[in-house]
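Trainee: Sending over data_15.pdb (PDB, C-alpha atoms and all ligand atoms).
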ATOM      1  CA  MET A   1     122.098 218.182-102.445
ATOM      2  CA  GLU A   2     121.551 220.119 -99.227
ATOM      3  CA  ARG A   3     119.168 217.540 -97.826
ATOM      4  CA  THR A   4     121.511 214.659 -98.470
ATOM      5  CA  LEU A   5     124.580 216.459 -97.297
ATOM      6  CA  SER A   6     123.029 217.589 -94.066
ATOM      7  CA  PHE A   7     121.952 213.999 -93.454
ATOM      8  CA  TYR A   8     125.514 212.830 -93.863
ATOM      9  CA  GLN A   9     126.884 215.664 -91.804
ATOM     10  CA  GLU A  10     124.482 214.824 -89.015
ATOM     11  CA  ARG A  11     125.715 211.268 -89.025
ATOM     12  CA  GLU A  12     129.181 212.671 -88.907
ATOM     13  CA  ALA A  13     128.357 214.194 -85.554
ATOM     14  CA  GLN A  14     128.439 210.716 -84.069
ATOM     15  CA  LYS A  15     132.146 210.922 -83.514
ATOM     16  CA  SER A  16     133.729 207.908 -81.980
ATOM     17  CA  GLY A  17     137.258 206.688 -81.619
ATOM     18  CA  VAL A  18     138.818 203.379 -80.688
ATOM     19  CA  GLN A  19     137.501 203.689 -77.147
ATOM     20  CA  ALA A  20     133.980 203.088 -78.481
ATOM     21  CA  LEU A  21     134.957 199.520 -79.396
ATOM     22  CA  ILE A  22     133.961 197.393 -76.429
ATOM     23  CA  GLY A  23     135.744 194.064 -76.072
ATOM     24  CA  GLU A  24     138.631 192.424 -74.215
ATOM     25  CA  SER A  25     138.664 189.024 -75.919
ATOM     26  CA  ALA A  26     141.759 187.882 -77.794
ATOM     27  CA  PRO A  27     140.273 188.577 -81.245
ATOM     28  CA  MET A  28     139.230 192.066 -80.132
ATOM     29  CA  GLN A  29     142.605 192.784 -78.573
ATOM     30  CA  TYR A  30     144.159 191.763 -81.849
ATOM     31  CA  LEU A  31     141.783 194.050 -83.760
ATOM     32  CA  LYS A  32     142.425 197.002 -81.461
ATOM     33  CA  GLY A  33     146.154 196.329 -81.644
ATOM     34  CA  THR A  34     146.009 196.444 -85.434
ATOM     35  CA  ILE A  35     144.087 199.726 -85.346
ATOM     36  CA  ALA A  36     146.483 201.231 -82.802
ATOM     37  CA  GLN A  37     149.515 200.257 -84.899
ATOM     38  CA  LEU A  38     147.991 201.736 -88.006
ATOM     39  CA  LEU A  39     147.037 204.966 -86.240
ATOM     40  CA  ASP A  40     150.495 205.215 -84.778
ATOM     41  CA  ALA A  41     152.107 204.873 -88.207
ATOM     42  CA  GLU A  42     149.685 207.432 -89.640
ATOM     43  CA  ARG A  43     150.400 209.972 -86.936
ATOM     44  CA  ARG A  44     154.094 209.672 -87.627
ATOM     45  CA  ALA A  45     153.680 209.823 -91.414
ATOM     46  CA  ALA A  46     154.922 212.945 -93.127
ATOM     47  CA  ASN A  47     151.688 213.619 -94.982
ATOM     48  CA  THR A  48     148.021 212.874 -94.513
ATOM     49  CA  ASP A  49     147.718 211.019 -97.792
ATOM     50  CA  LEU A  50     146.618 207.791 -96.144
ATOM     51  CA  PRO A  51     146.292 204.385 -97.799
ATOM     52  CA  PRO A  52     142.861 202.850 -98.435
ATOM     53  CA  VAL A  53     141.601 200.388 -95.846
ATOM     54  CA  LEU A  54     139.209 197.513 -96.456
ATOM     55  CA  VAL A  55     137.250 196.416 -93.388
ATOM     56  CA  GLU A  56     135.817 192.926 -93.745
ATOM     57  CA  GLY A  57     133.396 191.137 -91.488
ATOM     58  CA  GLU A  58     129.891 189.783 -91.143
ATOM     59  CA  THR A  59     126.992 192.167 -90.832
ATOM     60  CA  GLY A  60     126.669 193.855 -87.436
ATOM     61  CA  THR A  61     130.221 193.102 -86.294
ATOM     62  CA  GLY A  62     131.193 196.766 -85.959
ATOM     63  CA  LYS A  63     132.839 197.549 -89.289
ATOM     64  CA  GLU A  64     131.472 201.061 -89.266
ATOM     65  CA  LEU A  65     132.761 201.633 -85.740
ATOM     66  CA  VAL A  66     136.205 200.551 -86.929
ATOM     67  CA  ALA A  67     136.043 203.000 -89.847
ATOM     68  CA  ARG A  68     134.999 205.795 -87.489
ATOM     69  CA  ALA A  69     137.792 204.919 -85.085
ATOM     70  CA  LEU A  70     140.359 205.193 -87.887
ATOM     71  CA  HIS A  71     139.005 208.581 -88.884
ATOM     72  CA  PHE A  72     138.288 210.207 -85.527
ATOM     73  CA  ASP A  73     141.498 209.007 -83.896
ATOM     74  CA  GLY A  74     143.577 209.661 -86.990
ATOM     75  CA  PRO A  75     145.297 212.673 -88.541
ATOM     76  CA  ARG A  76     142.237 213.513 -90.652
ATOM     77  CA  SER A  77     139.897 213.792 -87.680
ATOM     78  CA  LYS A  78     139.318 217.510 -88.253
ATOM     79  CA  GLY A  79     138.076 216.810 -91.758
ATOM     80  CA  PRO A  80     134.669 215.366 -92.619
ATOM     81  CA  PHE A  81     133.731 211.711 -92.247
ATOM     82  CA  ILE A  82     131.290 210.974 -95.030
ATOM     83  CA  GLU A  83     129.553 207.657 -95.125
ATOM     84  CA  PHE A  84     127.897 206.128 -98.150
ATOM     85  CA  ASN A  85     126.131 202.797 -98.250
ATOM     86  CA  CYS A  86     126.544 201.428-101.769
ATOM     87  CA  ALA A  87     123.469 199.228-101.347
ATOM     88  CA  SER A  88     121.204 202.024-100.157
ATOM     89  CA  ILE A  89     120.115 203.506-103.473
ATOM     90  CA  PRO A  90     119.553 202.169-107.016
ATOM     91  CA  SER A  91     122.815 201.799-108.906
ATOM     92  CA  ASN A  92     121.804 204.319-111.585
ATOM     93  CA  LEU A  93     121.635 207.011-108.902
ATOM     94  CA  VAL A  94     124.857 206.099-107.142
ATOM     95  CA  GLU A  95     127.063 207.929-109.590
ATOM     96  CA  SER A  96     125.475 211.343-109.095
ATOM     97  CA  GLU A  97     125.207 210.729-105.362
ATOM     98  CA  LEU A  98     128.937 210.072-105.187
ATOM     99  CA  PHE A  99     130.306 212.348-107.873
ATOM    100  CA  GLY A 100     127.619 215.006-108.086
ATOM    101  CA  HIS A 101     126.104 216.421-111.238
ATOM    102  CA  GLU A 102     125.686 219.604-113.200
ATOM    103  CA  LYS A 103     122.339 221.237-113.702
ATOM    104  CA  GLY A 104     120.505 219.508-116.547
ATOM    105  CA  ALA A 105     122.890 216.543-116.669
ATOM    106  CA  PHE A 106     119.833 214.280-116.786
ATOM    107  CA  THR A 107     116.063 214.724-116.628
ATOM    108  CA  ASP A 108     115.781 215.111-112.857
ATOM    109  CA  ALA A 109     118.935 217.163-112.446
ATOM    110  CA  LYS A 110     117.213 220.472-111.765
ATOM    111  CA  ASP A 111     120.125 221.897-109.826
ATOM    112  CA  ARG A 112     123.809 221.480-109.678
ATOM    113  CA  ARG A 113     124.807 219.121-106.935
ATOM    114  CA  VAL A 114     128.035 218.409-105.087
ATOM    115  CA  GLY A 115     128.616 214.698-104.601
ATOM    116  CA  LEU A 116     129.724 212.907-101.459
ATOM    117  CA  VAL A 117     133.251 212.472-102.782
ATOM    118  CA  GLU A 118     133.697 216.234-102.949
ATOM    119  CA  ALA A 119     131.996 216.600 -99.584
ATOM    120  CA  ALA A 120     134.616 214.283 -98.119
ATOM    121  CA  ASP A 121     137.455 216.485 -99.373
ATOM    122  CA  GLY A 122     140.055 216.812 -96.634
ATOM    123  CA  GLY A 123     138.576 213.912 -94.702
ATOM    124  CA  THR A 124     137.463 210.313 -95.080
ATOM    125  CA  LEU A 125     134.989 208.699 -97.453
ATOM    126  CA  PHE A 126     133.527 205.551 -95.953
ATOM    127  CA  LEU A 127     132.072 203.232 -98.595
ATOM    128  CA  ASP A 128     129.913 200.697 -96.832
ATOM    129  CA  GLU A 129     128.860 197.478 -98.605
ATOM    130  CA  VAL A 130     131.304 198.217-101.390
ATOM    131  CA  GLY A 131     130.652 194.716-102.839
ATOM    132  CA  GLU A 132     127.269 195.994-104.012
ATOM    133  CA  MET A 133     128.793 198.474-106.436
ATOM    134  CA  ASP A 134     128.225 197.638-110.082
ATOM    135  CA  LEU A 135     131.129 197.220-112.480
ATOM    136  CA  LEU A 136     130.632 200.568-114.177
ATOM    137  CA  LEU A 137     130.887 202.411-110.915
ATOM    138  CA  GLN A 138     133.784 200.278-109.815
ATOM    139  CA  ALA A 139     135.687 201.682-112.808
ATOM    140  CA  LYS A 140     134.896 205.239-111.680
ATOM    141  CA  LEU A 141     135.942 204.494-108.136
ATOM    142  CA  LEU A 142     139.201 203.042-109.412
ATOM    143  CA  LYS A 143     139.853 206.216-111.370
ATOM    144  CA  LEU A 144     139.191 208.248-108.252
ATOM    145  CA  LEU A 145     141.696 206.198-106.279
ATOM    146  CA  GLU A 146     144.305 206.390-109.011
ATOM    147  CA  ASP A 147     144.065 210.029-110.111
ATOM    148  CA  ARG A 148     142.351 211.589-107.096
ATOM    149  CA  THR A 149     140.119 213.462-109.453
ATOM    150  CA  ILE A 150     136.406 213.350-110.042
ATOM    151  CA  ARG A 151     134.070 214.586-112.686
ATOM    152  CA  ARG A 152     130.521 215.553-111.873
ATOM    153  CA  VAL A 153     127.919 213.897-114.099
ATOM    154  CA  GLY A 154     127.389 216.192-117.087
ATOM    155  CA  SER A 155     130.605 218.105-116.515
ATOM    156  CA  VAL A 156     133.818 218.078-118.497
ATOM    157  CA  LYS A 157     135.850 219.569-115.709
ATOM    158  CA  GLU A 158     138.016 217.359-113.551
ATOM    159  CA  ARG A 159     138.290 218.337-109.927
ATOM    160  CA  LYS A 160     141.044 217.353-107.536
ATOM    161  CA  VAL A 161     139.986 215.810-104.271
ATOM    162  CA  ASP A 162     142.011 214.933-101.226
ATOM    163  CA  LEU A 163     140.430 212.083 -99.374
ATOM    164  CA  ARG A 164     141.058 208.849 -97.588
ATOM    165  CA  VAL A 165     138.897 205.921 -98.618
ATOM    166  CA  ILE A 166     137.801 203.299 -96.120
ATOM    167  CA  SER A 167     135.512 200.639 -97.478
ATOM    168  CA  ALA A 168     133.650 197.828 -95.787
ATOM    169  CA  THR A 169     132.045 194.626 -96.949
ATOM    170  CA  ASN A 170     130.398 191.498 -95.657
ATOM    171  CA  CYS A 171     130.950 189.833 -99.030
ATOM    172  CA  ASN A 172     133.867 187.649 -99.979
ATOM    173  CA  LEU A 173     135.377 190.092-102.463
ATOM    174  CA  GLU A 174     138.132 187.692-103.420
ATOM    175  CA  GLN A 175     135.504 185.196-104.531
ATOM    176  CA  MET A 176     133.617 187.967-106.337
ATOM    177  CA  VAL A 177     136.829 188.755-108.205
ATOM    178  CA  GLN A 178     137.088 185.086-109.272
ATOM    179  CA  GLN A 179     133.492 185.248-110.457
ATOM    180  CA  GLY A 180     134.088 188.423-112.445
ATOM    181  CA  LYS A 181     131.714 190.423-110.264
ATOM    182  CA  PHE A 182     134.347 192.658-108.755
ATOM    183  CA  ARG A 183     137.326 194.253-110.472
ATOM    184  CA  ARG A 184     140.588 192.700-109.440
ATOM    185  CA  ASP A 185     142.511 195.973-109.779
ATOM    186  CA  LEU A 186     139.985 197.795-107.604
ATOM    187  CA  PHE A 187     140.042 195.016-105.032
ATOM    188  CA  PHE A 188     143.801 195.369-104.580
ATOM    189  CA  ARG A 189     143.528 199.147-104.522
ATOM    190  CA  LEU A 190     140.908 199.122-101.804
ATOM    191  CA  ARG A 191     142.665 196.507 -99.749
ATOM    192  CA  ILE A 192     146.063 198.134 -99.380
ATOM    193  CA  ILE A 193     145.379 197.692 -95.688
ATOM    194  CA  SER A 194     143.089 194.887 -94.622
ATOM    195  CA  ILE A 195     141.248 194.742 -91.325
ATOM    196  CA  LYS A 196     139.066 191.788 -90.402
ATOM    197  CA  VAL A 197     136.417 192.149 -87.730
ATOM    198  CA  PRO A 198     135.600 188.901 -85.894
ATOM    199  CA  ARG A 199     132.075 187.587 -85.493
ATOM    200  CA  LEU A 200     130.516 188.107 -82.101
ATOM    201  CA  TYR A 201     130.263 184.418 -81.274
ATOM    202  CA  ALA A 202     134.064 184.124 -81.509
ATOM    203  CA  ARG A 203     134.514 186.823 -78.850
ATOM    204  CA  GLY A 204     133.474 184.741 -75.833
ATOM    205  CA  GLU A 205     132.872 186.821 -72.726
ATOM    206  CA  ASP A 206     132.764 190.020 -74.770
ATOM    207  CA  ILE A 207     129.146 189.050 -75.401
ATOM    208  CA  LEU A 208     128.455 189.746 -71.731
ATOM    209  CA  LEU A 209     130.464 192.976 -71.700
ATOM    210  CA  LEU A 210     128.439 194.211 -74.644
ATOM    211  CA  ALA A 211     125.119 192.934 -73.297
ATOM    212  CA  ARG A 212     125.703 194.679 -69.960
ATOM    213  CA  HIS A 213     126.707 197.836 -71.777
ATOM    214  CA  PHE A 214     123.505 197.866 -73.853
ATOM    215  CA  LEU A 215     121.398 196.934 -70.820
ATOM    216  CA  ALA A 216     122.921 199.782 -68.807
ATOM    217  CA  ALA A 217     122.288 202.211 -71.658
ATOM    218  CA  HIS A 218     118.725 200.967 -71.865
ATOM    219  CA  GLY A 219     118.301 201.305 -68.099
ATOM    220  CA  LYS A 220     119.735 204.807 -68.114
ATOM    221  CA  ARG A 221     117.346 205.862 -70.811
ATOM    222  CA  TYR A 222     114.413 204.690 -68.722
ATOM    223  CA  GLY A 223     115.750 205.832 -65.369
ATOM    224  CA  LYS A 224     116.388 202.287 -64.114
ATOM    225  CA  PRO A 225     119.984 201.915 -63.053
ATOM    226  CA  ASN A 226     121.528 198.723 -61.673
ATOM    227  CA  LEU A 227     119.869 196.241 -63.993
ATOM    228  CA  HIS A 228     121.413 192.791 -64.127
ATOM    229  CA  PHE A 229     121.105 189.576 -66.039
ATOM    230  CA  SER A 230     120.530 186.348 -64.146
ATOM    231  CA  ASP A 231     123.197 183.649 -64.392
ATOM    232  CA  GLN A 232     120.875 181.680 -66.585
ATOM    233  CA  ALA A 233     120.312 184.632 -68.883
ATOM    234  CA  GLU A 234     124.059 185.101 -69.189
ATOM    235  CA  GLU A 235     124.507 181.453 -70.084
ATOM    236  CA  LEU A 236     121.921 181.839 -72.799
ATOM    237  CA  LEU A 237     123.594 184.964 -74.113
ATOM    238  CA  LEU A 238     126.862 183.045 -74.311
ATOM    239  CA  SER A 239     125.402 179.969 -75.986
ATOM    240  CA  TYR A 240     123.499 181.685 -78.788
ATOM    241  CA  SER A 241     125.262 181.942 -82.158
ATOM    242  CA  TRP A 242     124.427 185.619 -82.877
ATOM    243  CA  PRO A 243     124.245 185.493 -86.686
ATOM    244  CA  GLY A 244     123.428 189.210 -86.651
ATOM    245  CA  ASN A 245     126.385 189.846 -84.348
ATOM    246  CA  VAL A 246     126.566 192.970 -82.148
ATOM    247  CA  ARG A 247     123.706 194.637 -83.958
ATOM    248  CA  GLU A 248     121.420 191.699 -83.186
ATOM    249  CA  LEU A 249     122.429 191.772 -79.530
ATOM    250  CA  ARG A 250     121.823 195.492 -79.269
ATOM    251  CA  ASN A 251     118.493 195.307 -81.074
ATOM    252  CA  MET A 252     117.350 192.454 -78.894
ATOM    253  CA  LEU A 253     118.121 194.338 -75.713
ATOM    254  CA  GLU A 254     116.512 197.516 -76.973
ATOM    255  CA  THR A 255     113.400 195.922 -78.366
ATOM    256  CA  ASP A 256     111.226 195.885 -75.299
ATOM    257  CA  ARG A 257     111.059 199.647 -75.120
ATOM    258  CA  ALA A 258     107.415 199.933 -74.182
ATOM    259  CA  ALA A 259     107.522 197.314 -71.466
ATOM    260  CA  GLY A 260     110.602 198.916 -69.994
ATOM    261  CA  PRO A 261     113.568 197.424 -68.235
ATOM    262  CA  GLU A 262     111.595 196.094 -65.276
ATOM    263  CA  ARG A 263     111.465 192.999 -67.417
ATOM    264  CA  TYR A 264     115.123 192.472 -66.799
ATOM    265  CA  HIS A 265     116.476 190.966 -63.637
ATOM    266  CA  ARG A 266     117.438 193.356 -60.931
ATOM    267  CA  SER A 267     119.924 190.965 -59.456
ATOM    268  CA  PRO A 268     121.574 187.840 -60.824
ATOM    269  CA  SER A 269     119.752 185.663 -58.294
ATOM    270  CA  VAL A 270     116.223 186.805 -58.988
ATOM    271  CA  GLU A 271     114.169 185.068 -61.616
ATOM    272  CA  ARG A 272     111.380 187.243 -62.764
ATOM    273  CA  VAL A 273     108.767 186.039 -65.162
ATOM    274  CA  PRO A 274     106.540 188.665 -66.726
ATOM    275  CA  GLU A 275     102.929 188.741 -65.671
ATOM    276  CA  PRO A 276     100.432 187.008 -67.964
ATOM    277  CA  GLY A 277      98.782 189.359 -70.391
ATOM    278  CA  GLY A 278     101.742 191.708 -70.368
ATOM    279  CA  ARG A 279     102.703 193.688 -73.412
ATOM    280  CA  SER A 280     104.201 191.780 -76.280
ATOM    281  CA  THR A 281     107.548 192.330 -77.879
ATOM    282  CA  HIS A 282     108.593 191.917 -81.447
ATOM    283  CA  TYR A 283     111.978 190.880 -82.610
ATOM    284  CA  PRO A 284     113.669 192.357 -85.653
ATOM    285  CA  GLY A 285     112.341 190.849 -88.836
ATOM    286  CA  GLY A 286     109.573 189.118 -86.916
ATOM    287  CA  ALA A 287     111.858 186.218 -86.079
ATOM    288  CA  THR A 288     112.459 185.188 -82.519
ATOM    289  CA  PRO A 289     116.061 184.184 -82.153
ATOM    290  CA  ARG A 290     116.882 181.190 -80.039
ATOM    291  CA  ALA A 291     118.577 183.200 -77.332
ATOM    292  CA  ALA A 292     115.765 185.652 -77.171
ATOM    293  CA  ALA A 293     113.312 182.800 -76.807
ATOM    294  CA  GLY A 294     115.461 181.370 -74.036
ATOM    295  CA  LEU A 295     115.797 184.727 -72.343
ATOM    296  CA  GLN A 296     112.078 185.102 -72.443
ATOM    297  CA  ARG A 297     111.553 181.732 -70.843
ATOM    298  CA  HIS A 298     113.815 182.788 -68.067
ATOM    299  CA  GLY A 299     112.015 186.002 -67.476
ATOM    300  CA  VAL A 300     114.511 188.460 -68.807
ATOM    301  CA  ASP A 301     112.187 189.467 -71.547
ATOM    302  CA  GLU A 302     108.692 188.737 -72.566
ATOM    303  CA  PRO A 303     107.462 186.274 -75.212
ATOM    304  CA  SER A 304     106.197 187.620 -78.473
ATOM    305  CA  GLY A 305     102.400 187.814 -78.246
ATOM    306  CA  GLY A 306     102.277 187.329 -74.491
ATOM    307  CA  ARG A 307     103.101 184.328 -72.376
ATOM    308  CA  ALA A 308     102.326 180.909 -73.762
TER     309      ALA A 308
HETATM  310  N1  LIG B 401     132.805 196.387 -80.236
HETATM  311  C1  LIG B 401     131.683 197.110 -80.130
HETATM  312  N2  LIG B 401     131.447 197.862 -79.021
HETATM  313  C2  LIG B 401     130.320 198.584 -78.903
HETATM  314  N3  LIG B 401     129.361 198.638 -79.814
HETATM  315  C3  LIG B 401     129.511 197.929 -80.936
HETATM  316  C4  LIG B 401     130.687 197.133 -81.166
HETATM  317  N4  LIG B 401     130.586 196.557 -82.370
HETATM  318  C5  LIG B 401     129.415 196.955 -82.882
HETATM  319  N5  LIG B 401     128.765 197.786 -82.036
HETATM  320  C6  LIG B 401     127.433 198.396 -82.271
HETATM  321  O1  LIG B 401     126.663 197.449 -83.002
HETATM  322  C7  LIG B 401     125.951 198.082 -84.053
HETATM  323  C8  LIG B 401     126.386 197.546 -85.391
HETATM  324  O2  LIG B 401     127.700 198.001 -85.659
HETATM  325  P1  LIG B 401     128.163 198.489 -87.111
HETATM  326  O3  LIG B 401     129.497 199.124 -86.989
HETATM  327  O4  LIG B 401     127.083 199.305 -87.742
HETATM  328  O5  LIG B 401     128.271 197.060 -87.835
HETATM  329  P2  LIG B 401     128.556 196.712 -89.356
HETATM  330  O6  LIG B 401     128.939 197.999 -90.042
HETATM  331  O7  LIG B 401     129.661 195.714 -89.316
HETATM  332  O8  LIG B 401     127.288 196.116 -89.889
HETATM  333  C9  LIG B 401     126.188 199.566 -83.887
HETATM  334  O9  LIG B 401     125.170 200.109 -83.094
HETATM  335  C10 LIG B 401     127.506 199.628 -83.151
HETATM  336  O10 LIG B 401     127.618 200.810 -82.404
HETATM  337 MG    MG B 402     127.391 198.648 -91.573
END
Would you encode the structure as structure tokens?
Mentor:
Amino acid sequence: MERTLSFYQEREAQKSGVQALIGESAPMQYLKGTIAQLLDAERRAANTDLPPVLVEGETGTGKELVARALHFDGPRSKGPFIEFNCASIPSNLVESELFGHEKGAFTDAKDRRVGLVEAADGGTLFLDEVGEMDLLLQAKLLKLLEDRTIRRVGSVKERKVDLRVISATNCNLEQMVQQGKFRRDLFFRLRIISIKVPRLYARGEDILLLARHFLAAHGKRYGKPNLHFSDQAEELLLSYSWPGNVRELRNMLETDRAAGPERYHRSPSVERVPEPGGRSTHYPGGATPRAAAGLQRHGVDEPSGGRA
């Protein structure tokens, strides 16, 4: 238990509120407005028993940042923020991970273990990729939401917990309900408050705000301030569809670590093509996205496997 908990507590250290959400586009203003309204209502509420929130959006759109913003800018900010990715471990292990177990509850249960739900007591439990939860576990989660009690695996004792549940998904849960893959009652329970995070491509110029932010962070890390994209590079950034959303953009701009940011333009007017035989870069998953390919052609980055 200690190992897992300390991992989650470490992640918890990455505190970030609404201000971490970069974006001025209309869809982002709408999103931030929704979050601000919700936080405002929560601050004024008499108790800290806050309704569940379901954050929906494609992968890499910033759902986790939204969940963190709700926690760290909300009335439970002094409590823990515990994150669990429902797709990260085999479903037969999820139950003890979440609810804990007693010593000897099953073959590998050598010690008693506190689950993440108990660890989140007084704070927020963030259930990422909640659509991946199997039906058996969905029933247990529903019970948790209804009774606010849990039972460790192998225990008869019910324990009260006080937590706020925020869940996130890139699945169409409504469709999963139709298909019998997700419990209808749980769906409505989780989605008392619904927040939708827009895809990056729909955010227009925010793409540039974010790209400059990641480029500056990259430059800072390597002691190269004042890096810029060329006009052409910016056009390419704006024209690409970004199926992996903000995460794809960030990964792309952080990929060429070894080569360093000299590969990027120092001023919008300078076109700089990497020298032949330079170091190669690899894109996530081995694929070279269209924008990345275009950026490479225009000298912002370097082609995979050297220059053609
Ligand atoms: N609006 C934003 N401003 C700044 N960084 C963002 C924004 N949206 C996403 N990110 C960054 O992009 C990455 C993916 O975000 P994340 O919240 O993990 O996405 P999701 O949970 O939807 O897959 C993270 O590194 C996150 O910090
Ligand atoms: Mg995520």
Trainee: Please give me, as a PDB file with C-alpha atoms, in the coordinates of the input, the residues lying within 9 Å of ligand LIG 401 (chain B) when counting all atoms listed in the file.
Mentor:
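As written to disk, result.pdb reads:
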ATOM      1  CA  GLN A  19     137.501 203.689 -77.147  1.00  0.00           C
ATOM      2  CA  ALA A  20     133.980 203.088 -78.481  1.00  0.00           C
ATOM      3  CA  LEU A  21     134.957 199.520 -79.396  1.00  0.00           C
ATOM      4  CA  ILE A  22     133.961 197.393 -76.429  1.00  0.00           C
ATOM      5  CA  GLY A  23     135.744 194.064 -76.072  1.00  0.00           C
ATOM      6  CA  MET A  28     139.230 192.066 -80.132  1.00  0.00           C
ATOM      7  CA  VAL A  55     137.250 196.416 -93.388  1.00  0.00           C
ATOM      8  CA  GLU A  56     135.817 192.926 -93.745  1.00  0.00           C
ATOM      9  CA  GLY A  57     133.396 191.137 -91.488  1.00  0.00           C
ATOM     10  CA  GLU A  58     129.891 189.783 -91.143  1.00  0.00           C
ATOM     11  CA  THR A  59     126.992 192.167 -90.832  1.00  0.00           C
ATOM     12  CA  GLY A  60     126.669 193.855 -87.436  1.00  0.00           C
ATOM     13  CA  THR A  61     130.221 193.102 -86.294  1.00  0.00           C
ATOM     14  CA  GLY A  62     131.193 196.766 -85.959  1.00  0.00           C
ATOM     15  CA  LYS A  63     132.839 197.549 -89.289  1.00  0.00           C
ATOM     16  CA  GLU A  64     131.472 201.061 -89.266  1.00  0.00           C
ATOM     17  CA  LEU A  65     132.761 201.633 -85.740  1.00  0.00           C
ATOM     18  CA  VAL A  66     136.205 200.551 -86.929  1.00  0.00           C
ATOM     19  CA  ALA A  67     136.043 203.000 -89.847  1.00  0.00           C
ATOM     20  CA  ARG A  68     134.999 205.795 -87.489  1.00  0.00           C
ATOM     21  CA  ASP A 128     129.913 200.697 -96.832  1.00  0.00           C
ATOM     22  CA  GLU A 129     128.860 197.478 -98.605  1.00  0.00           C
ATOM     23  CA  ALA A 168     133.650 197.828 -95.787  1.00  0.00           C
ATOM     24  CA  THR A 169     132.045 194.626 -96.949  1.00  0.00           C
ATOM     25  CA  ASN A 170     130.398 191.498 -95.657  1.00  0.00           C
ATOM     26  CA  VAL A 197     136.417 192.149 -87.730  1.00  0.00           C
ATOM     27  CA  LEU A 200     130.516 188.107 -82.101  1.00  0.00           C
ATOM     28  CA  ASP A 206     132.764 190.020 -74.770  1.00  0.00           C
ATOM     29  CA  LEU A 209     130.464 192.976 -71.700  1.00  0.00           C
ATOM     30  CA  LEU A 210     128.439 194.211 -74.644  1.00  0.00           C
ATOM     31  CA  HIS A 213     126.707 197.836 -71.777  1.00  0.00           C
ATOM     32  CA  PHE A 214     123.505 197.866 -73.853  1.00  0.00           C
ATOM     33  CA  GLY A 244     123.428 189.210 -86.651  1.00  0.00           C
ATOM     34  CA  ASN A 245     126.385 189.846 -84.348  1.00  0.00           C
ATOM     35  CA  VAL A 246     126.566 192.970 -82.148  1.00  0.00           C
ATOM     36  CA  ARG A 247     123.706 194.637 -83.958  1.00  0.00           C
ATOM     37  CA  GLU A 248     121.420 191.699 -83.186  1.00  0.00           C
ATOM     38  CA  LEU A 249     122.429 191.772 -79.530  1.00  0.00           C
ATOM     39  CA  ARG A 250     121.823 195.492 -79.269  1.00  0.00           C
ATOM     40  CA  ASN A 251     118.493 195.307 -81.074  1.00  0.00           C
TER      41      ASN A 251
END
Trainee: On this file, the PyMOL selection byres (((chain A and resi 99-103) around 6) and not hetatm) gives some set of residues; write that set as a PyMOL selection string.
Mentor: chain A and resi 95-98+104-105+109-115+117+152-154
Trainee: Residues at most 12 Å from Pro75 (chain A), counting all atoms listed in the file, excluding those fewer than 6 positions away in the same chain, as a VMD selection string?
Mentor: chain A and resid 38 to 50 69 122 to 124 163 to 164
Trainee: May I ask which of the residues A:Glu83, A:Glu24, A:Glu158, A:Asp73 is the closest one to ligand MG 402 (chain B), counting all atoms listed in the file?
Mentor: A:Glu83
Trainee: For a cutoff of 10 Å around the file-coordinate point (133.5, 213.3, -93.5), which residues qualify once you count only C-alpha atoms? I'd like the result as a compact mmCIF listing (two decimals) with C-alpha atoms, in the coordinates of the input.
Mentor:
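In the end it all went to result.txt:
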# COMPACT_ATOMS: atom_id res chain seq x y z
CA TYR A 8 125.51 212.83 -93.86
CA GLN A 9 126.88 215.66 -91.80
CA ARG A 11 125.72 211.27 -89.02
CA GLU A 12 129.18 212.67 -88.91
CA ALA A 13 128.36 214.19 -85.55
CA ARG A 68 135.00 205.80 -87.49
CA HIS A 71 139.00 208.58 -88.88
CA PHE A 72 138.29 210.21 -85.53
CA ARG A 76 142.24 213.51 -90.65
CA SER A 77 139.90 213.79 -87.68
CA LYS A 78 139.32 217.51 -88.25
CA GLY A 79 138.08 216.81 -91.76
CA PRO A 80 134.67 215.37 -92.62
CA PHE A 81 133.73 211.71 -92.25
CA ILE A 82 131.29 210.97 -95.03
CA GLU A 83 129.55 207.66 -95.12
CA LEU A 116 129.72 212.91 -101.46
CA VAL A 117 133.25 212.47 -102.78
CA GLU A 118 133.70 216.23 -102.95
CA ALA A 119 132.00 216.60 -99.58
CA ALA A 120 134.62 214.28 -98.12
CA ASP A 121 137.46 216.48 -99.37
CA GLY A 122 140.06 216.81 -96.63
CA GLY A 123 138.58 213.91 -94.70
CA THR A 124 137.46 210.31 -95.08
CA LEU A 125 134.99 208.70 -97.45
CA PHE A 126 133.53 205.55 -95.95
CA LEU A 163 140.43 212.08 -99.37
CA ARG A 164 141.06 208.85 -97.59
Trainee: At what distance in Å, to one decimal, does CA of Arg183 (chain A) lie from CA of Ser155 (chain A)?
Mentor: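 Distance reported for this atom pair: 25.5 Å.
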Trainee: Nearest to ligand MG 402 (chain B): which of A:Thr107, A:Tyr30, A:Ser167, A:Val18 is it, counting only C-alpha atoms and all ligand atoms?
Mentor: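 Closest candidate: A:Ser167.
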Trainee: Calculate how many Å separate CA of Ile195 (chain A) from CA of Leu145 (chain A), rounding to one decimal.
Mentor: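 Going from CA of Ile195 (chain A) over to CA of Leu145 (chain A) covers 18.8 Å.
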Trainee: Once you add 8 Å to each side, what are the centre and edge lengths of the axis-aligned box holding all listed atoms of region 252-255 of chain A? One decimal in Å, as JSON, if you can.
Mentor:
{"center_x": 115.8, "center_y": 195.0, "center_z": -77.3, "size_x": 20.7, "size_y": 21.1, "size_z": 19.2}
Trainee: Between A:Val130, A:Ile35, A:Leu227, A:Ala26, single out the one closest to ligand MG 402 (chain B), counting all atoms listed in the file.
Mentor: A:Val130
